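> What follows is data-v9.cif, mmCIF, C-alpha atoms.
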```cif
data_my_file
loop_
_atom_site.label_atom_id
_atom_site.label_comp_id
_atom_site.auth_asym_id
_atom_site.auth_seq_id
_atom_site.Cartn_x
_atom_site.Cartn_y
_atom_site.Cartn_z
CA MET A 844 10.26 -18.01 -7.60
CA THR A 845 13.70 -19.48 -7.26
CA SER A 846 13.70 -22.99 -5.81
CA GLN A 847 16.19 -23.40 -2.99
CA ALA A 848 16.30 -26.74 -1.24
CA HIS A 849 17.95 -25.39 1.89
CA ALA A 850 16.01 -22.13 2.23
CA ALA A 851 15.54 -21.33 5.90
CA THR A 852 13.78 -17.96 5.77
CA GLY A 853 10.44 -17.16 4.23
CA VAL A 854 9.30 -13.69 3.24
CA LEU A 855 5.55 -13.37 2.71
CA LEU A 856 4.58 -10.23 0.78
CA MET A 857 0.96 -9.50 1.59
CA ALA A 858 -1.25 -7.32 -0.56
CA TYR A 859 -4.88 -6.26 -0.36
CA GLY A 860 -5.97 -8.29 -3.39
CA THR A 861 -7.90 -7.45 -6.55
CA PRO A 862 -10.47 -9.24 -8.71
CA GLU A 863 -9.22 -10.36 -12.10
CA ARG A 864 -12.57 -10.33 -13.93
CA PRO A 865 -15.80 -8.28 -13.61
CA GLU A 866 -17.81 -11.33 -12.53
CA GLN A 867 -15.52 -11.71 -9.49
CA VAL A 868 -16.28 -8.26 -8.10
CA GLU A 869 -19.23 -9.36 -5.97
CA ASP A 870 -17.32 -12.19 -4.27
CA TYR A 871 -14.33 -9.89 -3.71
CA PHE A 872 -16.54 -7.16 -2.24
CA THR A 873 -18.30 -9.72 -0.03
CA HIS A 874 -14.96 -10.88 1.37
CA ILE A 875 -13.95 -7.28 2.16
CA ARG A 876 -17.25 -6.94 4.06
CA GLY A 877 -16.47 -9.99 6.20
CA GLY A 878 -18.93 -12.25 4.38
CA ARG A 879 -21.84 -9.78 4.30
CA THR A 880 -23.25 -9.57 0.78
CA PRO A 881 -23.24 -5.99 -0.58
CA SER A 882 -26.29 -4.58 -2.30
CA PRO A 883 -26.57 -5.06 -6.08
CA GLU A 884 -26.24 -1.28 -6.44
CA ALA A 885 -22.99 -1.22 -4.48
CA VAL A 886 -21.58 -4.11 -6.51
CA GLU A 887 -22.48 -2.37 -9.76
CA ARG A 888 -20.82 0.88 -8.62
CA LEU A 889 -17.60 -0.99 -7.83
CA ARG A 890 -17.78 -2.95 -11.08
CA ARG A 891 -18.13 0.29 -13.06
CA ARG A 892 -15.02 1.64 -11.38
CA TYR A 893 -13.03 -1.36 -12.54
CA GLU A 894 -14.47 -0.95 -16.04
CA ARG A 895 -13.22 2.65 -16.09
CA VAL A 896 -9.63 1.48 -15.50
CA GLY A 897 -9.76 -1.30 -18.08
CA GLY A 898 -11.66 -4.02 -16.22
CA ARG A 899 -8.93 -4.90 -13.74
CA THR A 900 -5.87 -3.49 -12.02
CA PRO A 901 -2.24 -4.67 -12.31
CA LEU A 902 -1.85 -5.27 -8.56
CA LEU A 903 -1.30 -9.03 -8.79
CA GLU A 904 1.30 -8.75 -11.56
CA ILE A 905 3.09 -5.98 -9.67
CA THR A 906 3.12 -8.07 -6.50
CA GLU A 907 4.49 -11.11 -8.32
CA LYS A 908 7.26 -9.01 -9.86
CA VAL A 909 8.10 -7.54 -6.45
CA CYS A 910 8.32 -11.09 -5.06
CA SER A 911 10.75 -12.39 -7.66
CA SER A 912 12.86 -9.23 -7.58
CA LEU A 913 13.02 -9.16 -3.80
CA GLU A 914 14.04 -12.81 -3.65
CA ARG A 915 16.94 -12.13 -6.01
CA GLU A 916 17.95 -9.01 -4.10
CA LEU A 917 17.94 -10.75 -0.72
CA ASN A 918 19.84 -13.79 -1.93
CA ASN A 919 22.46 -11.67 -3.72
CA ARG A 920 23.27 -9.65 -0.62
CA SER A 921 23.16 -12.18 2.21
CA ASP A 922 24.44 -15.61 3.23
CA VAL A 923 20.94 -16.29 4.60
CA ARG A 924 18.79 -17.98 1.96
CA TYR A 925 15.34 -16.55 1.35
CA ARG A 926 12.14 -17.68 -0.37
CA VAL A 927 9.62 -14.91 -1.09
CA TYR A 928 5.88 -15.53 -1.38
CA ALA A 929 2.84 -13.34 -2.11
CA GLY A 930 -0.41 -13.61 -0.16
CA MET A 931 -3.53 -11.46 -0.52
CA LYS A 932 -5.94 -10.40 2.19
CA HIS A 933 -9.13 -10.31 0.11
CA TRP A 934 -8.49 -12.36 -3.05
CA HIS A 935 -6.45 -15.19 -4.50
CA PRO A 936 -3.86 -16.21 -3.61
CA TYR A 937 -5.25 -15.71 -0.11
CA ILE A 938 -2.82 -15.58 2.80
CA GLY A 939 -4.58 -18.68 4.09
CA GLU A 940 -3.69 -20.49 0.85
CA VAL A 941 -0.05 -19.41 0.91
CA MET A 942 0.88 -20.20 4.50
CA PRO A 943 0.45 -24.00 4.05
CA ARG A 944 2.62 -23.79 0.91
CA ILE A 945 5.36 -22.11 2.89
CA ALA A 946 5.20 -24.88 5.50
CA ALA A 947 5.14 -27.57 2.80
CA ASP A 948 8.33 -26.09 1.34
CA GLY A 949 10.08 -26.94 4.59
CA ILE A 950 10.32 -23.34 5.79
CA ASN A 951 9.57 -22.79 9.45
CA ARG A 952 10.72 -19.18 10.00
CA VAL A 953 9.05 -16.19 8.33
CA ILE A 954 9.04 -12.35 8.56
CA ALA A 955 5.83 -10.46 7.75
CA VAL A 956 6.13 -6.94 6.29
CA ALA A 957 3.13 -5.05 4.87
CA LEU A 958 3.37 -3.14 1.63
CA ALA A 959 1.33 -0.66 3.48
CA PRO A 960 4.02 1.23 5.38
CA HIS A 961 1.79 2.66 8.12
CA PHE A 962 0.18 0.69 10.95
CA SER A 963 -3.48 0.73 11.86
CA ARG A 964 -5.36 -1.80 13.92
CA ILE A 965 -7.95 -1.93 11.15
CA SER A 966 -5.69 -2.24 8.10
CA ILE A 967 -2.51 -4.01 9.20
CA GLY A 968 -4.45 -5.72 11.95
CA GLY A 969 -6.41 -7.49 9.20
CA TYR A 970 -3.21 -8.93 7.75
CA HIS A 971 -2.10 -9.99 11.20
CA LYS A 972 -5.38 -11.80 11.78
CA ALA A 973 -5.13 -13.59 8.43
CA VAL A 974 -1.67 -14.86 9.37
CA ASP A 975 -2.80 -15.89 12.85
CA ASP A 976 -5.87 -17.70 11.50
CA SER A 977 -3.67 -19.55 9.01
CA GLN A 978 -1.20 -20.47 11.72
CA ALA A 979 -3.96 -22.02 13.80
CA LYS A 980 -4.74 -24.46 10.98
CA LEU A 981 -1.16 -25.64 10.42
CA THR A 982 0.01 -28.90 11.95
CA ASN A 983 3.30 -27.24 12.86
CA ALA A 984 3.03 -23.49 13.30
CA LEU A 985 5.63 -21.29 11.64
CA SER A 986 7.83 -18.91 13.61
CA VAL A 987 6.59 -15.55 12.31
CA THR A 988 8.13 -12.11 12.89
CA PHE A 989 5.54 -9.51 11.85
CA VAL A 990 6.79 -6.08 10.75
CA GLU A 991 3.95 -3.79 11.74
CA SER A 992 5.21 -0.59 10.09
CA TRP A 993 8.15 0.81 8.15
CA HIS A 994 6.97 4.36 7.58
CA LEU A 995 10.33 5.94 8.49
CA GLN A 996 12.58 3.46 6.70
CA PRO A 997 15.22 5.81 5.18
CA GLU A 998 15.22 4.10 1.79
CA PHE A 999 11.43 4.52 1.58
CA LEU A 1000 11.59 8.21 2.46
CA ASP A 1001 14.39 8.81 -0.06
CA LEU A 1002 12.48 7.02 -2.82
CA ILE A 1003 9.23 8.96 -2.35
CA ALA A 1004 11.15 12.22 -2.05
CA ALA A 1005 12.87 11.47 -5.37
CA LEU A 1006 9.53 10.65 -7.00
CA ALA A 1007 8.10 13.91 -5.65
CA ARG A 1008 10.98 15.92 -7.12
CA THR A 1009 10.49 14.19 -10.49
CA ALA A 1010 6.76 14.94 -10.49
CA LEU A 1011 7.36 18.53 -9.40
CA ALA A 1012 9.61 19.00 -12.44
CA LYS A 1013 6.54 18.51 -14.67
CA PHE A 1014 5.32 21.96 -13.65
CA PRO A 1015 6.77 25.01 -15.44
CA ALA A 1016 9.88 26.20 -13.61
CA LYS A 1017 8.41 29.63 -12.90
CA GLU A 1018 5.36 28.04 -11.19
CA ARG A 1019 7.05 25.43 -9.00
CA ASP A 1020 7.33 27.63 -5.94
CA LYS A 1021 3.54 28.02 -6.02
CA VAL A 1022 2.73 24.31 -6.26
CA VAL A 1023 0.91 22.92 -3.21
CA THR A 1024 1.79 19.31 -2.39
CA VAL A 1025 -1.01 17.18 -0.98
CA PHE A 1026 -0.07 13.90 0.67
CA SER A 1027 -2.92 11.39 0.87
CA ALA A 1028 -3.76 7.99 2.31
CA HIS A 1029 -6.77 5.71 2.55
CA SER A 1030 -9.25 7.12 5.04
CA LEU A 1031 -10.39 5.01 7.98
CA PRO A 1032 -13.30 5.40 10.40
CA GLN A 1033 -12.81 8.28 12.85
CA ARG A 1034 -13.15 5.87 15.77
CA ILE A 1035 -9.48 4.90 15.35
CA ARG A 1036 -8.67 8.18 17.12
CA GLU A 1037 -10.41 6.88 20.23
CA TRP A 1038 -7.96 3.96 20.26
CA ASN A 1039 -4.87 6.19 19.97
CA ASP A 1040 -4.21 4.31 16.75
CA PRO A 1041 -0.82 5.40 15.30
CA TYR A 1042 -2.01 5.45 11.67
CA GLU A 1043 -2.57 9.20 11.42
CA SER A 1044 0.58 10.22 13.29
CA GLN A 1045 2.73 7.82 11.25
CA LEU A 1046 1.37 9.23 8.00
CA LEU A 1047 2.12 12.79 9.09
CA ALA A 1048 5.62 11.77 10.21
CA SER A 1049 6.34 10.19 6.80
CA SER A 1050 4.94 13.22 4.98
CA ALA A 1051 7.02 15.69 7.00
CA ALA A 1052 10.22 13.68 6.48
CA ILE A 1053 9.62 13.39 2.73
CA ALA A 1054 8.74 17.08 2.39
CA GLN A 1055 11.99 17.99 4.11
CA ARG A 1056 14.03 15.68 1.86
CA ALA A 1057 12.32 16.92 -1.32
CA GLY A 1058 12.31 20.59 -0.35
CA LEU A 1059 8.50 20.84 -0.41
CA VAL A 1060 7.69 24.05 1.43
CA ASP A 1061 3.88 24.18 1.15
CA TRP A 1062 2.48 20.75 1.84
CA ARG A 1063 -0.85 19.57 3.21
CA PHE A 1064 -2.54 16.28 4.07
CA ALA A 1065 -5.90 14.94 2.93
CA TRP A 1066 -7.69 11.60 2.91
CA GLN A 1067 -9.13 9.53 0.08
CA SER A 1068 -11.20 6.45 -0.76
CA ALA A 1069 -13.40 6.51 2.36
CA GLY A 1070 -15.89 3.69 2.71
CA ASN A 1071 -19.65 4.14 2.77
CA THR A 1072 -20.41 2.52 6.12
CA GLY A 1073 -22.75 5.03 7.74
CA GLU A 1074 -20.16 6.21 10.29
CA PRO A 1075 -17.81 9.22 10.12
CA TRP A 1076 -14.49 8.70 8.34
CA LEU A 1077 -11.31 10.73 8.56
CA GLY A 1078 -11.31 13.89 6.45
CA PRO A 1079 -11.00 16.14 4.61
CA ASP A 1080 -11.49 14.04 1.53
CA ILE A 1081 -9.18 14.95 -1.34
CA LEU A 1082 -12.08 15.85 -3.64
CA ASP A 1083 -13.41 18.34 -1.12
CA TYR A 1084 -9.94 19.60 -0.31
CA LEU A 1085 -9.22 20.45 -3.93
CA GLY A 1086 -12.17 22.82 -3.71
CA THR A 1087 -10.68 24.34 -0.55
CA LEU A 1088 -7.35 24.88 -2.27
CA HIS A 1089 -9.08 26.43 -5.25
CA SER A 1090 -10.82 28.89 -2.92
CA GLU A 1091 -7.36 29.85 -1.61
CA GLY A 1092 -6.26 30.68 -5.14
CA VAL A 1093 -4.10 27.57 -5.62
CA LYS A 1094 -3.66 26.73 -9.30
CA SER A 1095 -1.19 23.81 -9.17
CA VAL A 1096 -1.36 20.64 -7.05
CA LEU A 1097 1.12 17.80 -6.65
CA GLN A 1098 -0.47 14.68 -5.21
CA VAL A 1099 1.70 12.24 -3.23
CA PRO A 1100 -0.28 9.07 -2.31
CA ILE A 1101 1.96 8.35 0.67
CA GLY A 1102 -0.27 5.58 2.02
CA PHE A 1103 0.07 3.41 -1.10
CA VAL A 1104 2.95 1.74 -2.94
CA SER A 1105 1.29 0.11 -5.99
CA ASP A 1106 -1.02 1.02 -8.83
CA HIS A 1107 -4.48 -0.26 -7.92
CA LEU A 1108 -8.06 1.02 -7.87
CA GLU A 1109 -7.53 3.75 -5.27
CA ILE A 1110 -4.80 5.20 -7.48
CA LEU A 1111 -6.05 4.50 -10.99
CA TYR A 1112 -9.67 5.51 -10.33
CA ASP A 1113 -9.90 7.58 -7.14
CA LEU A 1114 -6.93 9.78 -8.03
CA ASP A 1115 -6.27 9.49 -11.76
CA ILE A 1116 -9.94 9.79 -12.73
CA GLU A 1117 -11.86 11.40 -9.86
CA ALA A 1118 -9.27 13.73 -8.32
CA ARG A 1119 -7.70 14.66 -11.65
CA GLY A 1120 -11.16 15.31 -13.08
CA LYS A 1121 -12.16 17.49 -10.13
CA ALA A 1122 -8.94 19.50 -10.44
CA GLY A 1123 -9.59 19.95 -14.16
CA ASP A 1124 -13.12 21.16 -13.50
CA LEU A 1125 -11.65 23.76 -11.13
CA GLY A 1126 -9.07 24.86 -13.69
CA MET A 1127 -6.17 23.54 -11.62
CA ARG A 1128 -3.10 21.73 -12.90
CA TYR A 1129 -2.81 18.35 -11.20
CA GLU A 1130 0.12 15.92 -11.16
CA ARG A 1131 0.80 12.92 -8.96
CA THR A 1132 3.93 11.01 -8.11
CA GLU A 1133 4.62 7.71 -9.83
CA MET A 1134 3.99 4.68 -7.63
CA PRO A 1135 6.98 2.61 -6.41
CA ASN A 1136 5.47 -0.60 -7.83
CA ALA A 1137 8.47 -2.84 -8.61
CA MET A 1138 11.12 -0.14 -9.02
CA PRO A 1139 14.65 -1.30 -8.12
CA GLU A 1140 14.76 1.38 -5.41
CA PHE A 1141 11.60 -0.05 -3.88
CA ILE A 1142 12.98 -3.58 -3.96
CA ARG A 1143 16.04 -2.31 -2.08
CA THR A 1144 13.70 -0.60 0.39
CA LEU A 1145 11.92 -3.87 1.13
CA ALA A 1146 15.23 -5.71 1.42
CA ALA A 1147 16.31 -3.15 4.02
CA VAL A 1148 13.04 -3.68 5.90
CA VAL A 1149 13.65 -7.43 5.92
CA ASP A 1150 17.26 -6.90 7.03
CA VAL A 1151 16.14 -4.77 9.97
CA ALA A 1152 13.55 -7.33 11.03
CA THR A 1153 16.05 -10.16 10.73
CA ARG A 1154 18.62 -8.39 12.90
CA ARG A 1155 16.03 -7.35 15.46
CA SER A 1156 14.47 -10.76 15.87
CA GLU A 1157 17.46 -12.93 14.98
CA VAL A 1158 15.11 -14.99 12.84
CA PRO A 1159 14.08 -14.66 9.16
CA ALA A 1160 10.94 -12.88 7.84
CA ILE A 1161 7.44 -12.64 6.02
CA ALA A 1162 6.51 -9.49 4.10
CA LEU A 1163 3.09 -7.93 3.31
CA VAL A 1164 2.37 -6.29 -0.08
CA ARG A 1165 -0.63 -4.10 -0.93
#
```
Show me the file's structure as structure tokens.

Amino acid sequence: MTSQAHAATGVLLMAYGTPERPEQVEDYFTHIRGGRTPSPEAVERLRRRYERVGGRTPLLEITEKVCSSLERELNNRSDVRYRVYAGMKHWHPYIGEVMPRIAADGINRVIAVALAPHFSRISIGGYHKAVDDSQAKLTNALSVTFVESWHLQPEFLDLIAALARTALAKFPAKERDKVVTVFSAHSLPQRIREWNDPYESQLLASSAAIAQRAGLVDWRFAWQSAGNTGEPWLGPDILDYLGTLHSEGVKSVLQVPIGFVSDHLEILYDLDIEARGKAGDLGMRYERTEMPNAMPEFIRTLAAVVDVATRRSEVPAIALVR
């Protein structure tokens, strides 16, 4: 990070977090479960998933690169000086570890933006709680503007549409008009519908806007990565839905993980191994869009999100990265 003595605005990029070594998986999983220790069998299943993708995911490195790139972008385009930090919800550096550092750096105004573009009380609410809990422990609380969603940010829609067009070009030209595009996002418990939670409607709004920009005529929506909690989760799951598409005679599928912005376990294992494997078993061609990760276009997207929040609140910002 660039050191700036007179920085007045903090941007906190918050991500979900990821263990760095196999022996950390149990502690990581326990934190996700709110301190409840998972069964040895559940820990071993999760550990095997990490082993299948090389033992770890690049989420932390991606987040750190996004931080440094975003700081440069913001400071090159504005008279306002920014410092950008990364905080994780479920692993180091925890949000609760980063907030005191921000305060110690003399910054008292922050904007929070999640690198999960769509709001849910369960998902983004967890980031909000982590910030609030950290605030309560500070001697002098920071002034925080929390960006709860940015699912219709034009730069974001344009970027994903461009990535969809690039991925679609991998299919033979004569088959492209028969490709079915499936947007997906992390499933959540069905009870969110009882709360009128905006998560589902925001995802569909993003998907429709991207499909229009990219010229995707036949597009669908499915869920992925549901938890095993004993209660119903939103469906259909992508693995089941591939079977449904196969029964319709679909031979080519383009997957757009609209609910995610970085390579991590739900992409590298759930899609690249499980979904791709299921499609292969069904004799279907399967491609997915590249993730934004730290692409320059994505950095400009986040800078635009921060700009909007700054103008709206007339104070600087924190950002969330997943």
> What would the selection look like, as an MDAnalysis selection string, if the PyMOL selection byres ((chain A and resi 1116-1118) around 12) were run on the coordinates I just shared?
chainID A and resid 892:893 895:896 1025 1027 1065:1068 1080:1086 1096:1098 1100 1108:1115 1119:1125 1127:1131
> With distances taken over all atoms listed in the file, which of A:Ala1028, A:Glu1037, A:Ala1004, A:Pro1015 is nearest to Glu1140 of chain A?
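Checking each of A:Ala1028, A:Glu1037, A:Ala1004, A:Pro1015 against Glu1140 of chain A, counting all atoms listed in the file, the winner is A:Ala1004.
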> What is the atom CA of Gly930 of chain A-atom CA of Ser1044 of chain A distance in Å, reported with one decimal?
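Those two atoms sit 27.4 Å apart.
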> When you count only C-alpha atoms, which of these residues is closest to Gly1058 of chain A: A:Arg1154, A:Lys1017, A:Lys1094, A:Arg1008?
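Among the listed residues, A:Arg1008 lies closest to Gly1058 of chain A.
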> Check which residues satisfy the PyMOL selection byres ((chain A and resi 956) around 9) in the file shown, then give them as an NGL selection string.
:A and (854-857 or 954-955 or 957-960 or 988-993 or 1145 or 1148-1149 or 1152 or 1160-1164)
> For the provided coordinates, the residues matched by the PyMOL selection byres ((chain A and resi 864-876) around 8) should be stated as a PDB file with C-alpha atoms, in the frame of the given file.

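Below is the file part-v7.pdb, written as the result:
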```pdb
ATOM      1  CA  THR A 861      -7.900  -7.450  -6.550  1.00  0.00           C
ATOM      2  CA  PRO A 862     -10.470  -9.240  -8.710  1.00  0.00           C
ATOM      3  CA  GLU A 863      -9.220 -10.360 -12.100  1.00  0.00           C
ATOM      4  CA  GLY A 877     -16.470  -9.990   6.200  1.00  0.00           C
ATOM      5  CA  GLY A 878     -18.930 -12.250   4.380  1.00  0.00           C
ATOM      6  CA  ARG A 879     -21.840  -9.780   4.300  1.00  0.00           C
ATOM      7  CA  THR A 880     -23.250  -9.570   0.780  1.00  0.00           C
ATOM      8  CA  PRO A 881     -23.240  -5.990  -0.580  1.00  0.00           C
ATOM      9  CA  VAL A 886     -21.580  -4.110  -6.510  1.00  0.00           C
ATOM     10  CA  LEU A 889     -17.600  -0.990  -7.830  1.00  0.00           C
ATOM     11  CA  ARG A 890     -17.780  -2.950 -11.080  1.00  0.00           C
ATOM     12  CA  TYR A 893     -13.030  -1.360 -12.540  1.00  0.00           C
ATOM     13  CA  GLU A 894     -14.470  -0.950 -16.040  1.00  0.00           C
ATOM     14  CA  GLY A 898     -11.660  -4.020 -16.220  1.00  0.00           C
ATOM     15  CA  ARG A 899      -8.930  -4.900 -13.740  1.00  0.00           C
ATOM     16  CA  HIS A 933      -9.130 -10.310   0.110  1.00  0.00           C
ATOM     17  CA  TRP A 934      -8.490 -12.360  -3.050  1.00  0.00           C
TER      18      TRP A 934
END
```
> Quote the spacing between atom CA of Glu884 of chain A and atom CA of Ala1069 of chain A in Å to one decimal place.
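Result for atom CA of Glu884 of chain A versus atom CA of Ala1069 of chain A: 17.4 Å, one decimal.
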> From the coordinates supplied, segment 965-1022 of chain A should be written with C-alpha atoms, as an mmCIF file, in the first residue's frame.

```cif
data_model
loop_
_atom_site.group_PDB
_atom_site.id
_atom_site.type_symbol
_atom_site.label_atom_id
_atom_site.label_comp_id
_atom_site.auth_asym_id
_atom_site.auth_seq_id
_atom_site.Cartn_x
_atom_site.Cartn_y
_atom_site.Cartn_z
ATOM 1 C CA ILE A 965 -27.190 -13.165 5.399
ATOM 2 C CA SER A 966 -24.154 -12.489 3.207
ATOM 3 C CA ILE A 967 -23.559 -8.736 3.179
ATOM 4 C CA GLY A 968 -25.188 -8.493 6.578
ATOM 5 C CA GLY A 969 -22.285 -10.567 7.909
ATOM 6 C CA TYR A 970 -19.783 -8.008 6.646
ATOM 7 C CA HIS A 971 -21.847 -5.228 8.147
ATOM 8 C CA LYS A 972 -21.863 -6.958 11.521
ATOM 9 C CA ALA A 973 -18.090 -7.477 11.417
ATOM 10 C CA VAL A 974 -17.596 -3.754 10.801
ATOM 11 C CA ASP A 975 -20.064 -2.798 13.527
ATOM 12 C CA ASP A 976 -18.466 -5.178 16.041
ATOM 13 C CA SER A 977 -15.049 -3.718 15.234
ATOM 14 C CA GLN A 978 -16.353 -0.192 15.593
ATOM 15 C CA ALA A 979 -17.662 -0.955 19.067
ATOM 16 C CA LYS A 980 -14.135 -1.840 20.216
ATOM 17 C CA LEU A 981 -12.443 1.302 18.889
ATOM 18 C CA THR A 982 -11.713 4.178 21.248
ATOM 19 C CA ASN A 983 -12.826 6.607 18.547
ATOM 20 C CA ALA A 984 -15.290 5.119 16.095
ATOM 21 C CA LEU A 985 -14.719 5.680 12.390
ATOM 22 C CA SER A 986 -17.277 7.386 10.172
ATOM 23 C CA VAL A 987 -18.267 4.512 7.877
ATOM 24 C CA THR A 988 -20.379 4.678 4.710
ATOM 25 C CA PHE A 989 -21.376 1.109 3.821
ATOM 26 C CA VAL A 990 -22.161 0.329 0.173
ATOM 27 C CA GLU A 991 -24.696 -2.469 0.432
ATOM 28 C CA SER A 992 -24.902 -3.388 -3.269
ATOM 29 C CA TRP A 993 -23.597 -2.352 -6.670
ATOM 30 C CA HIS A 994 -25.275 -4.948 -8.869
ATOM 31 C CA LEU A 995 -26.337 -2.423 -11.535
ATOM 32 C CA GLN A 996 -23.133 -0.378 -11.641
ATOM 33 C CA PRO A 997 -22.755 0.216 -15.420
ATOM 34 C CA GLU A 998 -19.033 -0.566 -15.464
ATOM 35 C CA PHE A 999 -19.716 -3.910 -13.765
ATOM 36 C CA LEU A 1000 -22.437 -4.844 -16.237
ATOM 37 C CA ASP A 1001 -20.246 -3.855 -19.194
ATOM 38 C CA LEU A 1002 -17.318 -5.899 -17.886
ATOM 39 C CA ILE A 1003 -19.303 -9.105 -17.336
ATOM 40 C CA ALA A 1004 -21.020 -8.682 -20.693
ATOM 41 C CA ALA A 1005 -17.611 -8.392 -22.374
ATOM 42 C CA LEU A 1006 -16.370 -11.492 -20.544
ATOM 43 C CA ALA A 1007 -19.507 -13.360 -21.646
ATOM 44 C CA ARG A 1008 -18.933 -12.416 -25.290
ATOM 45 C CA THR A 1009 -15.308 -13.576 -25.038
ATOM 46 C CA ALA A 1010 -16.331 -16.912 -23.532
ATOM 47 C CA LEU A 1011 -19.098 -17.355 -26.101
ATOM 48 C CA ALA A 1012 -16.495 -16.996 -28.854
ATOM 49 C CA LYS A 1013 -14.903 -20.261 -27.661
ATOM 50 C CA PHE A 1014 -17.833 -22.167 -29.146
ATOM 51 C CA PRO A 1015 -17.802 -22.930 -32.885
ATOM 52 C CA ALA A 1016 -19.452 -20.077 -34.780
ATOM 53 C CA LYS A 1017 -22.159 -22.313 -36.226
ATOM 54 C CA GLU A 1018 -23.191 -23.457 -32.709
ATOM 55 C CA ARG A 1019 -23.263 -20.132 -30.868
ATOM 56 C CA ASP A 1020 -26.939 -19.456 -31.474
ATOM 57 C CA LYS A 1021 -27.704 -22.740 -29.691
ATOM 58 C CA VAL A 1022 -25.601 -22.055 -26.599
#
```
